[in-house]
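Student: Sharing query36.pdb below, PDB, C-alpha atoms:
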MODEL        1
ATOM      1  CA  MET A  26     141.621 112.897 160.753  1.00  0.00           C
ATOM      2  CA  ARG A  27     142.696 112.080 157.210  1.00  0.00           C
ATOM      3  CA  ARG A  28     140.068 109.298 156.974  1.00  0.00           C
ATOM      4  CA  SER A  29     137.370 111.719 158.130  1.00  0.00           C
ATOM      5  CA  ARG A  30     138.260 114.270 155.428  1.00  0.00           C
ATOM      6  CA  PHE A  31     138.240 111.556 152.769  1.00  0.00           C
ATOM      7  CA  GLY A  32     134.777 110.436 153.898  1.00  0.00           C
ATOM      8  CA  ILE A  33     133.429 113.983 153.848  1.00  0.00           C
ATOM      9  CA  GLY A  34     134.950 114.647 150.407  1.00  0.00           C
ATOM     10  CA  THR A  35     133.470 111.422 149.039  1.00  0.00           C
ATOM     11  CA  ALA A  36     130.054 112.232 150.482  1.00  0.00           C
ATOM     12  CA  LEU A  37     130.151 115.705 148.915  1.00  0.00           C
ATOM     13  CA  ALA A  38     131.169 114.277 145.524  1.00  0.00           C
ATOM     14  CA  VAL A  39     128.383 111.666 145.611  1.00  0.00           C
ATOM     15  CA  GLY A  40     125.873 114.340 146.631  1.00  0.00           C
ATOM     16  CA  ALA A  41     126.972 116.619 143.788  1.00  0.00           C
ATOM     17  CA  LEU A  42     126.607 113.775 141.277  1.00  0.00           C
ATOM     18  CA  ALA A  43     123.129 112.959 142.583  1.00  0.00           C
ATOM     19  CA  VAL A  44     121.991 116.578 142.316  1.00  0.00           C
ATOM     20  CA  SER A  45     123.410 116.975 138.806  1.00  0.00           C
ATOM     21  CA  GLY A  46     121.695 113.723 137.791  1.00  0.00           C
ATOM     22  CA  LEU A  47     118.362 115.148 138.907  1.00  0.00           C
ATOM     23  CA  ALA A  48     118.983 118.316 136.942  1.00  0.00           C
ATOM     24  CA  PHE A  49     119.455 116.317 133.723  1.00  0.00           C
ATOM     25  CA  ALA A  50     116.682 113.762 134.311  1.00  0.00           C
ATOM     26  CA  PRO A  51     113.997 113.741 131.626  1.00  0.00           C
ATOM     27  CA  ALA A  52     110.751 115.524 132.439  1.00  0.00           C
ATOM     28  CA  ALA A  53     107.792 113.359 133.370  1.00  0.00           C
ATOM     29  CA  MET A  54     105.375 112.624 130.555  1.00  0.00           C
ATOM     30  CA  ALA A  55     101.874 113.968 130.963  1.00  0.00           C
ATOM     31  CA  VAL A  56      98.798 113.629 128.804  1.00  0.00           C
ATOM     32  CA  GLN A  57      97.113 116.991 128.165  1.00  0.00           C
ATOM     33  CA  PRO A  58      94.546 117.903 129.326  1.00  0.00           C
ATOM     34  CA  ALA A  59      94.538 115.639 132.375  1.00  0.00           C
ATOM     35  CA  ASP A  60      90.788 116.132 132.894  1.00  0.00           C
ATOM     36  CA  ALA A  61      87.936 116.299 130.400  1.00  0.00           C
ATOM     37  CA  THR A  62      84.167 115.880 130.369  1.00  0.00           C
ATOM     38  CA  ALA A  63      81.797 114.453 127.776  1.00  0.00           C
ATOM     39  CA  ASP A  64      78.066 113.753 127.752  1.00  0.00           C
ATOM     40  CA  TYR A  65      76.924 110.134 127.476  1.00  0.00           C
ATOM     41  CA  ASP A  66      73.398 108.811 126.893  1.00  0.00           C
ATOM     42  CA  CYS A  67      72.782 105.509 128.697  1.00  0.00           C
ATOM     43  CA  GLY A  68      69.215 105.018 127.453  1.00  0.00           C
ATOM     44  CA  GLY A  69      66.773 104.037 130.198  1.00  0.00           C
ATOM     45  CA  PHE A  70      69.605 104.134 132.758  1.00  0.00           C
ATOM     46  CA  GLY A  71      70.017 107.890 132.389  1.00  0.00           C
ATOM     47  CA  GLY A  72      73.036 109.783 131.260  1.00  0.00           C
ATOM     48  CA  GLY A  73      74.813 113.089 131.526  1.00  0.00           C
ATOM     49  CA  ASP A  74      78.352 114.224 132.125  1.00  0.00           C
ATOM     50  CA  ALA A  75      81.181 111.773 132.495  1.00  0.00           C
ATOM     51  CA  ASN A  76      84.351 113.174 134.008  1.00  0.00           C
ATOM     52  CA  LEU A  77      87.450 111.531 132.571  1.00  0.00           C
ATOM     53  CA  HIS A  78      90.836 111.777 134.270  1.00  0.00           C
ATOM     54  CA  ALA A  79      93.920 110.583 132.354  1.00  0.00           C
ATOM     55  CA  VAL A  80      97.399 109.785 133.637  1.00  0.00           C
ATOM     56  CA  GLN A  81     100.334 108.935 131.372  1.00  0.00           C
ATOM     57  CA  SER A  82     103.329 106.794 132.274  1.00  0.00           C
ATOM     58  CA  GLY A  83     105.664 106.270 129.338  1.00  0.00           C
ATOM     59  CA  GLY A  84     103.612 104.900 126.445  1.00  0.00           C
ATOM     60  CA  SER A  85     100.666 103.849 128.601  1.00  0.00           C
ATOM     61  CA  ILE A  86      97.657 105.898 129.631  1.00  0.00           C
ATOM     62  CA  THR A  87      95.252 105.109 132.475  1.00  0.00           C
ATOM     63  CA  ILE A  88      91.802 106.710 132.570  1.00  0.00           C
ATOM     64  CA  THR A  89      89.291 106.976 135.418  1.00  0.00           C
ATOM     65  CA  VAL A  90      85.628 107.693 134.623  1.00  0.00           C
ATOM     66  CA  ALA A  91      83.191 109.256 137.088  1.00  0.00           C
ATOM     67  CA  THR A  92      79.652 109.442 135.702  1.00  0.00           C
ATOM     68  CA  SER A  93      76.407 111.060 136.684  1.00  0.00           C
ATOM     69  CA  VAL A  94      74.734 107.637 136.277  1.00  0.00           C
ATOM     70  CA  VAL A  95      73.464 106.686 139.737  1.00  0.00           C
ATOM     71  CA  THR A  96      73.063 103.111 140.908  1.00  0.00           C
ATOM     72  CA  PRO A  97      70.040 102.291 143.102  1.00  0.00           C
ATOM     73  CA  LEU A  98      72.033  99.557 144.892  1.00  0.00           C
ATOM     74  CA  PRO A  99      75.406  99.651 146.611  1.00  0.00           C
ATOM     75  CA  ILE A 100      78.278  98.269 144.517  1.00  0.00           C
ATOM     76  CA  GLY A 101      81.169  96.535 146.237  1.00  0.00           C
ATOM     77  CA  ALA A 102      84.761  97.383 145.391  1.00  0.00           C
ATOM     78  CA  GLY A 103      85.764  95.577 142.192  1.00  0.00           C
ATOM     79  CA  ASP A 104      82.199  94.393 141.446  1.00  0.00           C
ATOM     80  CA  ALA A 105      81.712  96.426 138.245  1.00  0.00           C
ATOM     81  CA  THR A 106      83.452  96.080 134.906  1.00  0.00           C
ATOM     82  CA  THR A 107      83.868  99.244 132.865  1.00  0.00           C
ATOM     83  CA  THR A 108      84.878  99.501 129.212  1.00  0.00           C
ATOM     84  CA  LEU A 109      85.667 102.855 127.609  1.00  0.00           C
ATOM     85  CA  VAL A 110      86.244 103.121 123.863  1.00  0.00           C
ATOM     86  CA  LEU A 111      87.833 106.332 122.626  1.00  0.00           C
ATOM     87  CA  SER A 112      88.565 107.508 119.106  1.00  0.00           C
ATOM     88  CA  LEU A 113      92.318 107.254 118.465  1.00  0.00           C
ATOM     89  CA  ASN A 114      93.701 109.953 116.157  1.00  0.00           C
ATOM     90  CA  GLY A 115      90.266 110.363 114.558  1.00  0.00           C
ATOM     91  CA  SER A 116      90.438 107.116 112.588  1.00  0.00           C
ATOM     92  CA  GLY A 117      90.955 104.164 114.945  1.00  0.00           C
ATOM     93  CA  THR A 118      89.896 103.266 118.466  1.00  0.00           C
ATOM     94  CA  ALA A 119      91.551 102.511 121.783  1.00  0.00           C
ATOM     95  CA  THR A 120      89.793 100.421 124.420  1.00  0.00           C
ATOM     96  CA  PHE A 121      90.302 100.919 128.149  1.00  0.00           C
ATOM     97  CA  SER A 122      88.852  98.487 130.662  1.00  0.00           C
ATOM     98  CA  GLY A 123      88.991  97.488 134.294  1.00  0.00           C
ATOM     99  CA  SER A 124      87.210  96.170 137.361  1.00  0.00           C
ATOM    100  CA  SER A 125      88.865  98.321 140.017  1.00  0.00           C
ATOM    101  CA  ASN A 126      85.931 100.473 141.048  1.00  0.00           C
ATOM    102  CA  PRO A 127      85.860 101.679 144.646  1.00  0.00           C
ATOM    103  CA  ALA A 128      82.904 100.724 146.853  1.00  0.00           C
ATOM    104  CA  ILE A 129      79.952 102.858 145.733  1.00  0.00           C
ATOM    105  CA  PRO A 130      77.039 103.500 148.128  1.00  0.00           C
ATOM    106  CA  ALA A 131      73.458 103.242 146.865  1.00  0.00           C
ATOM    107  CA  PHE A 132      72.180 106.318 145.009  1.00  0.00           C
ATOM    108  CA  SER A 133      75.705 107.582 144.378  1.00  0.00           C
ATOM    109  CA  PRO A 134      77.407 108.460 141.082  1.00  0.00           C
ATOM    110  CA  PHE A 135      79.400 105.662 139.451  1.00  0.00           C
ATOM    111  CA  ASN A 136      83.237 105.700 139.543  1.00  0.00           C
ATOM    112  CA  SER A 137      85.130 103.209 137.363  1.00  0.00           C
ATOM    113  CA  GLY A 138      88.446 103.203 139.171  1.00  0.00           C
ATOM    114  CA  PRO A 139      91.516 103.007 136.890  1.00  0.00           C
ATOM    115  CA  LEU A 140      90.963 101.706 133.350  1.00  0.00           C
ATOM    116  CA  THR A 141      93.933 100.477 131.339  1.00  0.00           C
ATOM    117  CA  SER A 142      94.580  99.764 127.681  1.00  0.00           C
ATOM    118  CA  THR A 143      96.871  97.251 126.007  1.00  0.00           C
ATOM    119  CA  ALA A 144      97.678  99.914 123.379  1.00  0.00           C
ATOM    120  CA  SER A 145     100.898 101.872 123.494  1.00  0.00           C
ATOM    121  CA  PHE A 146     100.539 105.582 122.822  1.00  0.00           C
ATOM    122  CA  ALA A 147     103.078 107.723 120.975  1.00  0.00           C
ATOM    123  CA  PRO A 148     103.644 111.451 121.491  1.00  0.00           C
ATOM    124  CA  GLY A 149     100.909 113.388 119.697  1.00  0.00           C
ATOM    125  CA  ASP A 150      98.334 110.565 119.745  1.00  0.00           C
ATOM    126  CA  SER A 151      94.891 111.974 120.539  1.00  0.00           C
ATOM    127  CA  LEU A 152      91.962 110.298 122.311  1.00  0.00           C
ATOM    128  CA  ASP A 153      88.423 111.689 122.111  1.00  0.00           C
ATOM    129  CA  SER A 154      84.793 110.595 122.461  1.00  0.00           C
ATOM    130  CA  TYR A 155      83.847 107.643 120.237  1.00  0.00           C
ATOM    131  CA  PHE A 156      80.664 108.049 118.168  1.00  0.00           C
ATOM    132  CA  GLY A 157      80.431 104.649 116.410  1.00  0.00           C
ATOM    133  CA  GLY A 158      78.264 102.962 119.061  1.00  0.00           C
ATOM    134  CA  PRO A 159      78.555 102.471 122.816  1.00  0.00           C
ATOM    135  CA  GLY A 160      81.687 104.273 123.929  1.00  0.00           C
ATOM    136  CA  LEU A 161      81.166 103.543 127.621  1.00  0.00           C
ATOM    137  CA  THR A 162      79.842 100.232 128.925  1.00  0.00           C
ATOM    138  CA  LEU A 163      79.170  99.456 132.583  1.00  0.00           C
ATOM    139  CA  GLU A 164      78.552  95.854 133.670  1.00  0.00           C
ATOM    140  CA  ILE A 165      76.996  95.715 137.124  1.00  0.00           C
ATOM    141  CA  PHE A 166      75.263  92.713 138.751  1.00  0.00           C
ATOM    142  CA  GLY A 167      75.027  90.950 135.376  1.00  0.00           C
ATOM    143  CA  THR A 168      73.366  93.972 133.757  1.00  0.00           C
ATOM    144  CA  THR A 169      75.085  95.721 130.868  1.00  0.00           C
ATOM    145  CA  VAL A 170      74.577  99.478 130.653  1.00  0.00           C
ATOM    146  CA  PRO A 171      75.631 100.731 127.198  1.00  0.00           C
ATOM    147  CA  CYS A 172      76.259 104.468 126.916  1.00  0.00           C
ATOM    148  CA  GLU A 173      76.835 106.425 123.714  1.00  0.00           C
ATOM    149  CA  ALA A 174      78.791 109.659 123.532  1.00  0.00           C
ATOM    150  CA  VAL A 175      76.637 112.693 122.799  1.00  0.00           C
ATOM    151  CA  THR A 176      79.484 115.237 122.772  1.00  0.00           C
ATOM    152  CA  SER A 177      83.206 115.362 122.136  1.00  0.00           C
ATOM    153  CA  GLN A 178      85.434 115.825 125.154  1.00  0.00           C
ATOM    154  CA  SER A 179      85.773 119.282 126.607  1.00  0.00           C
ATOM    155  CA  PRO A 180      88.150 121.162 126.791  1.00  0.00           C
ATOM    156  CA  GLY A 181      89.445 118.857 124.032  1.00  0.00           C
ATOM    157  CA  PRO A 182      90.866 115.426 123.312  1.00  0.00           C
ATOM    158  CA  PHE A 183      93.582 113.850 125.441  1.00  0.00           C
ATOM    159  CA  VAL A 184      96.945 114.230 123.681  1.00  0.00           C
ATOM    160  CA  ALA A 185      99.828 111.946 124.654  1.00  0.00           C
ATOM    161  CA  ASP A 186     103.170 113.557 125.492  1.00  0.00           C
TER     162      ASP A 186
ENDMDL
END
Go through the file and emit its structure as structure tokens.

Tutor:
Amino acid sequence: MRRSRFGIGTALAVGALAVSGLAFAPAAMAVQPADATADYDCGGFGGGDANLHAVQSGGSITITVATSVVTPLPIGAGDATTTLVLSLNGSGTATFSGSSNPAIPAFSPFNSGPLTSTASFAPGDSLDSYFGGPGLTLEIFGTTVPCEAVTSQSPGPFVAD
């Protein structure tokens, strides 16, 4: 009986420590806003709204881009390379890239899949549409589709936490 009480007491103490550890754990970092839109002009390939979704993990930010640019052919998963250049703090740039697009049926809007950057972002860093040339480049089937930002992001720039 004594061994059973010791086991129960130990389990309760470990449980209490675990719960108190959760209460004092740091809050998860989150870029704000998580979703933004901006207009891009892709020349003869079309253009329109690009929906950008950002996720922050520590000092890194991952962005997914879904555009209104429609491909006339199906694109296999991982067959497109996307590069997104954003203005960093209004004076520099940050480049995000990746080839993790999902399979995209013919005549469907383009989705980049997750784009990553080698940059590390500090709290307060802001990322917004880049206006110094192509800010969004899609490479599909050996064809490069350069797109230039027409508007700043709405509701505003991404700000790192």

Student: Go through A:Gln81, A:Ser116, A:Thr169, A:Asn126 and flag the residue nearest A:Ala59, using all atoms listed in the file for the distances.

Tutor: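 Among the listed residues, the smallest separation from A:Ala59 belongs to A:Gln81.
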
Student: Using the chain letters and residue numbers of this document, give as a PyMOL selection string the residues selected by the PyMOL selection byres ((chain A and resi 92-104) around 7).

Tutor: chain A and resi 71-76+90-91+105-106+124-136+165

Student: Of the residues A:Thr89, A:Ser151, A:Asn114, A:Thr168, which is the one nearest to A:Phe70, using only C-alpha atoms?

Tutor: A:Thr168

Student: Can you check which parts of stretch 80-123 of chain A lie within 10 Å of stretch 175-184 of chain A? Per residue, the shortest pair of atoms and distance in Å to one decimal, counting all atoms listed in the file, sorted by chain and number, as a Markdown table.

Tutor:
| residue | atom | partner | partner_atom | distance |
| --- | --- | --- | --- | --- |
| A:Val80 | CA | A:Phe183 | CA | 9.9 |
| A:Gln81 | CA | A:Val184 | CA | 9.9 |
| A:Ile86 | CA | A:Phe183 | CA | 9.9 |
| A:Leu111 | CA | A:Pro182 | CA | 9.6 |
| A:Ser112 | CA | A:Pro182 | CA | 9.3 |
| A:Leu113 | CA | A:Pro182 | CA | 9.6 |
| A:Asn114 | CA | A:Val184 | CA | 9.2 |

Student: Using Å and a single decimal, report how far atom CA of A:Ser142 sits from atom CA of A:Ser122.

Tutor: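 Value for the atom CA of A:Ser122-atom CA of A:Ser142 distance: 6.6 Å.
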